[in-house]
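So this block is input25.csv, CSV, C-alpha atoms and all ligand atoms:
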```csv
chain,number,residue,atom,x,y,z
N,157,MET,CA,130.2,104.1,84.8
N,158,GLU,CA,127.6,102.0,86.7
N,159,GLN,CA,128.6,98.4,87.4
N,160,LYS,CA,126.0,95.7,86.8
N,161,ILE,CA,123.9,95.2,89.9
N,162,LYS,CA,123.8,91.6,91.0
N,163,HIS,CA,121.9,91.7,94.2
N,164,HIS,CA,118.3,93.0,93.8
N,165,LEU,CA,115.3,93.5,95.9
N,166,THR,CA,112.7,90.8,96.0
N,167,ASP,CA,109.5,90.8,93.9
N,168,GLU,CA,107.4,90.9,97.1
N,169,VAL,CA,109.2,94.1,98.3
N,170,LEU,CA,108.9,95.7,94.9
N,171,MET,CA,105.2,94.8,94.8
N,172,ALA,CA,104.6,96.1,98.3
N,173,TYR,CA,106.3,99.4,97.2
N,174,ALA,CA,103.8,99.7,94.3
N,175,ALA,CA,100.9,98.8,96.6
N,176,GLY,CA,102.0,101.4,99.1
N,177,THR,CA,102.1,99.1,102.1
N,178,LEU,CA,105.8,99.4,103.2
N,179,PRO,CA,107.1,101.5,106.0
N,180,GLU,CA,108.6,104.8,104.9
N,181,ALA,CA,112.2,103.6,105.5
N,182,PHE,CA,111.7,100.6,103.2
N,183,ASN,CA,110.1,102.8,100.6
N,184,LEU,CA,113.2,104.9,100.8
N,185,MET,CA,115.4,101.8,100.2
N,186,VAL,CA,113.3,100.8,97.2
N,187,ALA,CA,113.3,104.3,95.7
N,188,THR,CA,117.0,104.5,96.1
N,189,HIS,CA,117.8,101.1,94.7
N,190,VAL,CA,115.4,101.7,91.7
N,191,SER,CA,117.2,105.0,91.0
N,192,LEU,CA,120.2,102.9,90.2
N,193,CYS,CA,118.6,99.7,88.9
N,194,ASP,CA,116.7,99.5,85.6
N,195,GLU,CA,115.7,96.0,86.2
N,196,CYS,CA,113.9,96.7,89.5
N,197,ARG,CA,112.5,99.9,88.0
N,198,ALA,CA,110.8,97.9,85.3
N,199,ALA,CA,109.5,95.5,87.9
N,200,VAL,CA,108.0,98.3,90.0
N,201,GLU,CA,106.3,99.8,86.9
N,202,SER,CA,104.8,96.5,86.0
N,203,TYR,CA,103.5,96.2,89.6
N,204,ASP,CA,102.1,99.7,89.2
N,205,THR,CA,100.3,98.4,86.1
N,206,LEU,CA,99.1,95.4,88.1
N,207,GLY,CA,97.8,97.9,90.7
N,208,GLY,CA,95.9,99.8,88.0
N,209,GLU,CA,94.2,96.6,86.8
N,210,VAL,CA,93.4,95.6,90.3
N,211,LEU,CA,91.9,99.0,90.9
N,212,ASP,CA,89.9,98.6,87.7
N,213,GLN,CA,88.6,95.2,88.9
N,214,THR,CA,88.2,96.1,92.5
N,215,PRO,CA,85.6,93.8,94.1
N,216,GLY,CA,83.2,96.1,95.8
N,217,ASN,CA,83.8,98.7,93.1
N,218,ASP,CA,80.1,99.3,93.4
N,219,VAL,CA,80.9,101.6,96.3
N,220,SER,CA,78.5,104.4,95.5
N,221,LEU,CA,79.4,108.0,95.8
N,222,THR,CA,77.3,110.5,97.7
N,223,PRO,CA,75.0,112.7,95.6
N,224,GLY,CA,76.8,115.8,94.5
N,225,SER,CA,80.2,114.1,94.5
N,226,PHE,CA,80.9,115.1,90.9
N,227,ALA,CA,79.9,118.7,91.5
N,228,ALA,CA,82.1,118.8,94.6
N,229,THR,CA,85.0,117.6,92.5
N,230,MET,CA,84.3,120.2,89.8
N,231,ALA,CA,84.3,122.8,92.6
N,232,LEU,CA,87.7,121.5,93.8
N,233,ILE,CA,89.0,121.7,90.2
N,234,ALA,CA,87.7,125.3,89.9
N,235,GLY,CA,89.6,126.2,93.0
N,236,GLY,CA,92.8,125.6,91.0
N,237,ALA,CA,95.7,123.1,91.4
N,238,PRO,CA,97.2,122.9,94.9
N,239,ASP,CA,100.7,124.2,95.2
N,240,THR,CA,103.1,121.4,94.8
N,241,ILE,CA,106.3,121.7,96.7
N,242,ARG,CA,109.1,121.3,94.2
N,243,THR,CA,112.0,119.9,96.0
N,244,THR,CA,115.3,121.1,94.8
N,245,ARG,CA,116.8,118.8,92.2
N,246,GLY,CA,120.5,118.5,93.2
N,247,ARG,CA,123.1,116.2,91.9
N,248,ASP,CA,125.5,114.0,93.9
N,249,THR,CA,127.7,111.2,92.6
N,250,VAL,CA,127.1,109.1,95.7
N,251,LEU,CA,123.6,109.8,96.9
N,252,PRO,CA,120.7,109.2,94.5
N,253,GLN,CA,117.9,111.8,94.4
N,254,PRO,CA,115.6,110.2,97.0
N,255,LEU,CA,118.4,110.3,99.6
N,256,LEU,CA,119.3,113.9,98.7
N,257,GLU,CA,115.8,114.8,99.9
N,258,TYR,CA,116.2,113.0,103.2
N,259,VAL,CA,119.7,114.3,103.8
N,260,GLY,CA,118.8,117.8,102.8
N,261,GLY,CA,121.6,118.1,100.3
N,262,GLY,CA,124.6,116.1,99.1
N,263,LEU,CA,127.1,113.9,100.9
N,264,ASP,CA,128.7,117.0,102.5
N,265,ASN,CA,125.4,117.7,104.3
N,266,VAL,CA,125.3,114.3,106.0
N,267,LYS,CA,125.3,114.7,109.8
N,268,TRP,CA,127.6,111.8,110.7
N,269,ARG,CA,128.0,110.6,114.2
N,270,SER,CA,130.9,108.4,115.2
N,271,VAL,CA,130.0,105.0,116.5
N,272,GLY,CA,133.7,104.0,117.1
N,273,MET,CA,136.5,102.4,115.1
N,274,GLY,CA,136.1,105.1,112.5
N,275,VAL,CA,132.6,103.9,111.7
N,276,LYS,CA,130.0,106.6,111.4
N,277,GLN,CA,126.3,106.7,111.0
N,278,ALA,CA,123.5,109.2,110.3
N,279,ILE,CA,119.9,108.3,111.1
N,280,LEU,CA,117.5,109.6,108.5
N,281,PRO,CA,114.1,111.1,109.4
N,282,THR,CA,111.4,108.6,108.6
N,283,SER,CA,108.2,107.3,110.2
N,284,LYS,CA,108.8,105.2,113.3
N,285,ASP,CA,107.6,101.8,112.1
N,286,ALA,CA,111.1,101.3,110.6
N,287,SER,CA,114.4,103.1,110.5
N,288,ALA,CA,116.9,104.2,107.9
N,289,ARG,CA,120.5,105.2,108.3
N,290,LEU,CA,123.6,105.9,106.3
N,291,LEU,CA,126.7,104.0,107.4
N,292,TYR,CA,130.3,104.9,106.7
N,293,ILE,CA,132.8,102.1,107.1
N,294,PRO,CA,136.5,102.7,106.5
N,295,ALA,CA,138.1,100.6,103.8
N,296,GLY,CA,139.1,97.1,105.0
N,297,MET,CA,137.0,97.4,108.3
N,298,ALA,CA,134.5,94.8,109.3
N,299,MET,CA,131.0,96.1,109.6
N,300,PRO,CA,130.0,96.7,113.2
N,301,ASP,CA,127.1,94.7,114.7
N,302,HIS,CA,124.4,97.1,114.0
N,303,GLY,CA,121.6,94.9,115.3
N,304,HIS,CA,119.8,92.4,113.2
N,305,HIS,CA,116.7,92.3,115.3
N,306,GLY,CA,114.4,92.3,112.4
N,307,THR,CA,114.6,92.5,108.7
N,308,GLU,CA,117.5,94.5,107.5
N,309,MET,CA,118.5,95.6,104.0
N,310,THR,CA,121.8,97.2,103.3
N,311,MET,CA,122.6,98.8,99.9
N,312,VAL,CA,126.0,100.0,98.9
N,313,LEU,CA,126.4,103.6,97.7
N,314,GLN,CA,130.1,103.9,97.6
N,315,GLY,CA,132.9,101.3,97.8
N,316,ALA,CA,131.9,97.6,98.3
N,317,PHE,CA,131.8,94.9,100.9
N,318,GLN,CA,132.4,91.2,101.0
N,319,ASP,CA,130.2,88.8,103.0
N,320,ASP,CA,131.1,85.2,102.8
N,321,ASP,CA,131.1,84.3,99.1
N,322,ASP,CA,129.1,87.4,98.1
N,323,TYR,CA,130.5,90.7,96.9
N,324,PHE,CA,128.3,93.8,97.2
N,325,ALA,CA,129.1,96.8,95.1
N,326,ARG,CA,127.3,100.1,94.4
N,327,GLY,CA,123.6,99.4,93.9
N,328,ASP,CA,123.7,95.9,95.4
N,329,VAL,CA,121.4,95.1,98.3
N,330,GLU,CA,122.0,92.5,101.0
N,331,VAL,CA,118.9,91.3,102.9
N,332,ALA,CA,119.3,89.8,106.3
N,333,ASN,CA,117.3,88.9,109.3
N,334,SER,CA,118.0,88.1,113.0
N,335,ASP,CA,118.9,84.5,112.2
N,336,LEU,CA,121.7,85.4,109.8
N,337,HIS,CA,125.1,85.6,111.4
N,338,HIS,CA,127.6,87.2,109.2
N,339,THR,CA,130.6,89.6,109.2
N,340,PRO,CA,130.6,91.8,106.2
N,341,VAL,CA,134.0,93.4,105.5
N,342,ALA,CA,134.4,96.7,103.6
N,343,ASP,CA,136.6,96.4,100.5
N,344,ILE,CA,140.1,97.7,101.1
N,345,HIS,CA,140.2,100.0,98.1
N,346,GLU,CA,137.6,102.6,99.2
N,347,ASP,CA,135.7,103.7,102.3
N,348,CYS,CA,132.2,102.1,102.1
N,349,ILE,CA,129.0,104.1,102.4
N,350,CYS,CA,125.7,102.2,102.7
N,351,LEU,CA,122.1,102.8,103.2
N,352,ALA,CA,120.7,100.4,105.8
N,353,VAL,CA,117.0,100.1,106.7
N,354,THR,CA,115.6,97.9,109.4
N,355,ASP,CA,112.2,97.3,111.0
N,356,ALA,CA,113.7,96.6,114.4
N,357,PRO,CA,113.2,97.2,117.3
N,358,LEU,CA,109.6,98.0,116.4
N,359,ARG,CA,108.4,95.0,114.6
N,360,PHE,CA,106.8,95.7,111.2
N,361,GLU,CA,103.9,93.2,110.9
N,362,GLY,CA,103.9,93.1,107.1
N,363,LEU,CA,105.3,91.1,104.3
N,364,LEU,CA,108.9,91.7,105.1
N,365,PRO,CA,109.7,89.5,108.1
N,366,LYS,CA,108.4,86.5,106.1
N,367,ILE,CA,110.4,87.4,103.0
N,368,ALA,CA,113.6,87.5,104.9
N,369,GLN,CA,113.2,83.8,106.0
N,370,ARG,CA,114.0,82.8,102.4
N,371,PHE,CA,117.4,84.5,102.7
N,372,ALA,CA,118.2,83.1,106.0
N,373,ARG,CA,118.7,79.7,104.4
N,374,ILE,CA,121.6,80.9,102.4
F,310,MET,CA,88.0,100.0,77.5
F,311,LEU,CA,90.6,102.5,76.4
F,312,TRP,CA,90.5,105.7,78.5
F,313,VAL,CA,93.4,107.3,76.7
F,314,ASP,CA,91.2,109.4,74.4
F,315,HIS,CA,89.3,110.7,77.4
F,316,MET,CA,92.5,111.8,79.0
F,317,ILE,CA,93.7,113.6,75.9
F,318,ARG,CA,90.3,115.4,75.6
F,319,ILE,CA,90.7,116.5,79.2
F,320,ARG,CA,94.2,117.6,78.6
F,321,ASP,CA,93.7,119.4,75.3
F,322,ASP,CA,90.1,120.7,75.6
F,323,GLN,CA,89.3,120.7,79.3
F,324,ASP,CA,86.4,118.5,78.2
F,325,GLN,CA,84.0,118.1,81.1
F,326,ALA,CA,81.9,115.4,79.4
F,327,ALA,CA,85.0,113.2,79.1
F,328,PHE,CA,85.9,113.9,82.7
F,329,ALA,CA,82.4,113.0,83.8
F,330,ASP,CA,82.8,109.6,82.1
F,331,LEU,CA,86.2,109.0,83.7
F,332,PHE,CA,84.8,110.1,87.0
F,333,ASP,CA,81.8,107.8,86.9
F,334,HIS,CA,84.1,104.8,86.2
F,335,PHE,CA,87.1,105.5,88.5
F,336,ALA,CA,85.9,107.6,91.4
F,337,PRO,CA,83.8,104.7,93.0
F,338,ARG,CA,86.7,102.4,92.4
F,339,VAL,CA,89.2,104.8,94.1
F,340,LYS,CA,86.7,105.1,97.0
F,341,GLY,CA,86.4,101.3,97.3
F,342,PHE,CA,90.2,101.0,97.1
F,343,LEU,CA,90.7,103.5,100.0
F,344,MET,CA,87.9,101.9,102.1
F,345,LYS,CA,89.5,98.5,101.7
F,346,SER,CA,92.8,100.1,102.8
F,347,GLY,CA,91.2,101.3,106.0
F,348,ALA,CA,89.6,104.7,105.4
F,349,ASP,CA,86.0,105.3,106.5
F,350,ALA,CA,83.4,106.1,103.8
F,351,SER,CA,83.5,109.9,104.2
F,352,LEU,CA,87.3,110.1,104.2
F,353,ALA,CA,87.5,107.7,101.2
F,354,GLU,CA,85.0,109.8,99.3
F,355,GLU,CA,86.9,113.0,100.1
F,356,CYS,CA,90.1,111.5,98.9
F,357,ALA,CA,88.5,110.0,95.8
F,358,GLN,CA,87.4,113.6,94.8
F,359,GLU,CA,90.9,114.9,95.4
F,360,VAL,CA,92.4,112.1,93.3
F,361,MET,CA,90.1,112.8,90.5
F,362,ALA,CA,90.8,116.6,90.7
F,363,THR,CA,94.5,115.8,90.6
F,364,CYS,CA,93.8,113.8,87.4
F,365,TRP,CA,92.4,116.9,85.9
F,366,HIS,CA,95.1,119.2,87.1
F,367,LYS,CA,98.0,116.9,86.1
F,368,ALA,CA,96.5,115.7,82.8
F,369,HIS,CA,99.4,117.4,81.0
F,370,MET,CA,101.7,115.0,82.7
F,371,PHE,CA,99.9,111.8,81.7
F,372,ASP,CA,102.1,109.9,79.2
F,373,PRO,CA,100.1,107.1,77.4
F,374,ALA,CA,103.4,105.5,76.3
F,375,ARG,CA,104.3,104.9,79.9
F,376,ALA,CA,101.1,104.1,81.7
F,377,SER,CA,97.5,103.1,81.2
F,378,VAL,CA,94.9,105.5,82.6
F,379,ALA,CA,94.0,102.9,85.3
F,380,THR,CA,97.7,102.7,86.3
F,381,TRP,CA,98.1,106.4,86.4
F,382,ILE,CA,95.0,106.9,88.6
F,383,PHE,CA,96.1,104.0,90.8
F,384,THR,CA,99.5,105.7,91.5
F,385,ILE,CA,97.8,109.0,92.4
F,386,ALA,CA,95.3,107.1,94.7
F,387,ARG,CA,98.2,105.0,96.2
F,388,ASN,CA,100.2,108.2,97.0
F,389,ARG,CA,97.1,109.8,98.4
F,390,LYS,CA,96.6,106.8,100.6
F,391,ILE,CA,100.2,107.1,102.0
F,392,ASP,CA,99.8,110.9,102.5
F,393,VAL,CA,96.4,110.8,104.2
F,394,LEU,CA,95.9,107.4,105.7
F,395,ARG,CA,99.5,106.6,106.7
F,396,LYS,CA,100.7,110.2,107.1
F,397,GLN,CA,104.1,109.4,105.6
F,398,ARG,CA,106.2,110.7,102.8
F,399,ARG,CA,106.5,108.7,99.7
F,400,PRO,CA,110.1,108.7,98.4
F,401,GLU,CA,110.1,108.5,94.6
F,402,PRO,CA,112.9,107.1,92.4
F,403,GLU,CA,115.1,109.6,90.5
F,404,ASP,CA,113.6,110.7,87.2
F,405,LEU,CA,115.0,108.9,84.2
F,406,GLY,CA,115.0,112.2,82.4
F,407,TRP,CA,113.1,111.0,79.4
F,408,GLY,CA,110.2,113.2,80.6
F,409,PRO,CA,106.9,113.6,78.8
F,410,GLU,CA,107.6,113.9,75.1
F,411,ASP,CA,105.6,116.3,73.0
F,412,GLU,CA,103.8,113.6,71.1
F,413,PRO,CA,104.7,110.1,72.2
F,414,ASP,CA,105.2,107.4,69.5
F,415,GLN,CA,101.8,105.9,68.6
F,416,ALA,CA,103.3,102.4,68.4
F,417,ASP,CA,104.6,102.8,72.0
F,418,VAL,CA,101.2,104.0,73.1
F,419,MET,CA,99.5,101.0,71.5
F,420,ALA,CA,101.9,98.5,72.9
F,421,LEU,CA,101.7,99.8,76.4
F,422,GLN,CA,97.9,100.0,76.4
F,423,GLN,CA,97.5,96.6,74.9
F,424,GLU,CA,99.9,95.1,77.5
F,425,SER,CA,97.8,96.6,80.3
F,426,GLU,CA,94.6,95.2,78.8
F,427,GLN,CA,96.3,91.8,78.5
F,428,LEU,CA,97.3,92.0,82.1
F,429,GLY,CA,93.8,92.9,83.1
F,430,ARG,CA,92.5,89.8,81.2
F,431,ALA,CA,95.2,87.7,82.8
F,432,ILE,CA,94.0,88.8,86.3
F,433,SER,CA,90.3,88.1,85.5
F,434,GLU,CA,91.3,84.7,84.3
F,435,LEU,CA,93.2,83.7,87.4
F,436,PRO,CA,91.6,81.1,89.7
F,437,PRO,CA,89.5,83.1,92.2
F,438,ALA,CA,91.8,82.2,95.1
F,439,GLN,CA,94.8,83.6,93.4
F,440,ARG,CA,93.0,86.7,92.2
F,441,GLU,CA,91.8,87.4,95.7
F,442,LEU,CA,95.4,87.2,97.1
F,443,ILE,CA,96.7,89.6,94.5
F,444,GLN,CA,94.0,92.0,95.3
F,445,LYS,CA,94.6,91.7,99.0
F,446,ALA,CA,98.3,92.5,98.5
F,447,TYR,CA,97.2,95.9,97.1
F,448,PHE,CA,94.5,96.7,99.7
F,449,GLY,CA,95.7,97.7,103.1
F,450,ASP,CA,98.5,96.1,105.0
F,451,LEU,CA,97.5,92.5,105.2
F,452,SER,CA,100.5,90.3,106.0
F,453,HIS,CA,100.7,86.8,104.6
F,454,SER,CA,99.8,85.4,108.0
F,455,GLU,CA,96.8,87.7,108.3
F,456,ILE,CA,95.7,86.5,104.9
F,457,ALA,CA,96.2,83.0,106.2
F,458,ASP,CA,93.9,83.7,109.1
F,459,GLN,CA,91.2,85.2,106.9
F,460,THR,CA,91.3,82.5,104.3
F,461,GLY,CA,92.1,79.5,106.6
F,462,LEU,CA,94.9,78.5,104.2
F,463,PRO,CA,98.3,77.4,105.4
F,464,LEU,CA,101.0,80.0,105.0
F,465,GLY,CA,103.1,77.9,102.6
F,466,THR,CA,100.1,77.5,100.3
F,467,ILE,CA,99.6,81.2,100.2
F,468,LYS,CA,103.2,82.0,99.4
F,469,SER,CA,103.3,79.5,96.6
F,470,ARG,CA,100.0,80.7,95.2
F,471,ILE,CA,101.2,84.3,95.2
F,472,ARG,CA,104.4,83.2,93.4
F,473,LEU,CA,102.4,81.2,91.0
F,474,ALA,CA,100.0,84.0,90.3
F,475,LEU,CA,102.9,86.4,89.6
F,476,GLU,CA,104.5,83.9,87.3
F,477,ARG,CA,101.3,83.6,85.4
F,478,LEU,CA,101.0,87.3,85.1
F,479,ARG,CA,104.5,87.7,84.0
F,480,HIS,CA,103.9,85.0,81.4
F,481,ALA,CA,100.8,86.8,80.2
F,482,MET,CA,102.8,90.0,79.9
F,483,LYS,CA,105.2,88.5,77.4
U,501,ZN,ZN,117.5,95.8,91.3
```

Using structure tokens, write down the structure from this file.
Ligand SMILES: [Zn+2]
Amino acid sequence: MEQKIKHHLTDEVLMAYAAGTLPEAFNLMVATHVSLCDECRAAVESYDTLGGEVLDQTPGNDVSLTPGSFAATMALIAGGAPDTIRTTRGRDTVLPQPLLEYVGGGLDNVKWRSVGMGVKQAILPTSKDASARLLYIPAGMAMPDHGHHGTEMTMVLQGAFQDDDDYFARGDVEVANSDLHHTPVADIHEDCICLAVTDAPLRFEGLLPKIAQRFARI
Amino acid sequence: MLWVDHMIRIRDDQDQAAFADLFDHFAPRVKGFLMKSGADASLAEECAQEVMATCWHKAHMFDPARASVATWIFTIARNRKIDVLRKQRRPEPEDLGWGPEDEPDQADVMALQQESEQLGRAISELPPAQRELIQKAYFGDLSHSEIADQTGLPLGTIKSRIRLALERLRHAMK
């Protein structure tokens, strides 16, 4: 019984996911959100389509191939399809598929570390240009200051949290940057589990820091 | 040009002539895409060959009711770019579980392919400045401020142009 998602990712982030220019942690955020959100999934697919048309109309598409390129490709084909590693397709009511692959199993496999006050976190293995972690916040507890040094996106996987006038439930994403001062509080009814990604402390020089400025005005 | 028939001939008959046509059209474009994303010519060429070989091997997974051939090849090339150039994993969304059907509905195939062509036309009809910015968003990791440096346009102008371009494209898709 999925609730209607109210807080989505921005078009710029979805487009950058299609273009393949986001850091891995942000790709993980998009893949996780899109696993729960049909609206953003449709947007990503339309940006894939746009990518296809851009590829078709690439300026400098006159880049010529070396002689024998086709023969080399046919030789590759004759060599057979490379083994594709099929990741195990598990099921978990809290963690969507992309997260299962990063956690290495379901919610029981998360290697939580306490950060005090009952709050726990688990850093997920991604490339170093941005970081991803799962956060566990007991019901009714204010979110700890987990460092808004860059752009941060937080998506609810279980429970919910309230931030000023906004309520974030499963699937909803809050986008924040260093200028945003806020104190999200976990809903009292259930412990809150979130996926949080941030480009701090290493600064990601891409589209994202600029995007967040729009949200800072809220 | 509709490439769907080529893909079906490759899928059903391992048709090398159809593959040669597809290769002639797309391989140089994939190479160009990867070079613009930062690969040198020889790496880009090697990857383009791998992308085209993947097209052959995964032809059975191509679903013309979900993607145009250009889109499908783009996603393979994009994933290859992330693997090879950026050396990162690419998390994919959970499958919807509708999977490739045995024989997709012809009406769905037509609608999707026509929509893609429409989008292609919409891009080619964009004012050059907007078209260029859309292209830059797909090539490499140019930030808006880097685009500003390259084009000499103020940042605000760029953001509003990208938004305008996307709105036009969305409108064209309807
Ligand atoms: Zn969404």

Pull out every residue of chain F that has at least one atom within 8 Å of chain N, counting only C-alpha atoms, and report them as a ChimeraX atom specification.
/F:329,332,335-342,354,358-359,361-363,365-366,376-384,387-388,390-391,397-404,425,428-429,432,444,446-453

Quote the spacing between atom CA of Arg320 of chain F and atom CA of Leu405 of chain F in Å to one decimal place.
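Atom CA of Leu405 of chain F lies 23.2 Å from atom CA of Arg320 of chain F.
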
Distance filter 6 Å around ligand ZN 501 (chain U), atoms: only C-alpha atoms and all ligand atoms, out as JSON, numbers by chain:
{"N": [164, 165, 193, 195, 196]}

Would you write out those residues with C-alpha atoms, as a short mmCIF file (atom, residue, chain, number, x, y, z; two decimals), keeping the file's coordinate frame?
```cif
data_model
loop_
_atom_site.label_atom_id
_atom_site.label_comp_id
_atom_site.auth_asym_id
_atom_site.auth_seq_id
_atom_site.Cartn_x
_atom_site.Cartn_y
_atom_site.Cartn_z
CA HIS N 164 118.30 93.00 93.80
CA LEU N 165 115.30 93.50 95.90
CA CYS N 193 118.60 99.70 88.90
CA GLU N 195 115.70 96.00 86.20
CA CYS N 196 113.90 96.70 89.50
#
```

One decimal, in Å: what's the spacing between atom CA of Asn333 of chain N and atom CA of Val353 of chain N?
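The value is 11.5 Å.
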
Which value, in Å to one decimal, gives the distance between atom CA of Ala368 of chain F and atom CA of Leu343 of chain F?
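Spanning atom CA of Ala368 of chain F to atom CA of Leu343 of chain F is a straight-line distance of 21.9 Å.
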
Which is closer to Ala431 of chain F than all the others in F:Cys364, F:Met419, F:Ile443, F:Ala386, using only C-alpha atoms?
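Nearest candidate to Ala431 of chain F out of F:Cys364, F:Met419, F:Ile443, F:Ala386: F:Ile443.
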
Counting only C-alpha atoms, which residues sit no farther than 6 Å from the position (121.1, 94.0, 99.9) in the file's frame? I'd like them as a list in words.
Met309, Thr310, Met311, Asp328, Val329, Glu330 and Val331 of chain N

Around (86.0, 111.0, 79.9) in the file's own coordinates, what residues are found within 9 Å if you use only C-alpha atoms, given back as number ranges by chain?
F: 312-316, 318-319, 324-333

Using only C-alpha atoms for the distances, tell me which of N:Asp319, N:Gly224, N:Lys160, N:Phe324 is nearest to Val341 of chain N.
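When distances to Val341 of chain N are compared using only C-alpha atoms, the smallest one comes from N:Asp319.
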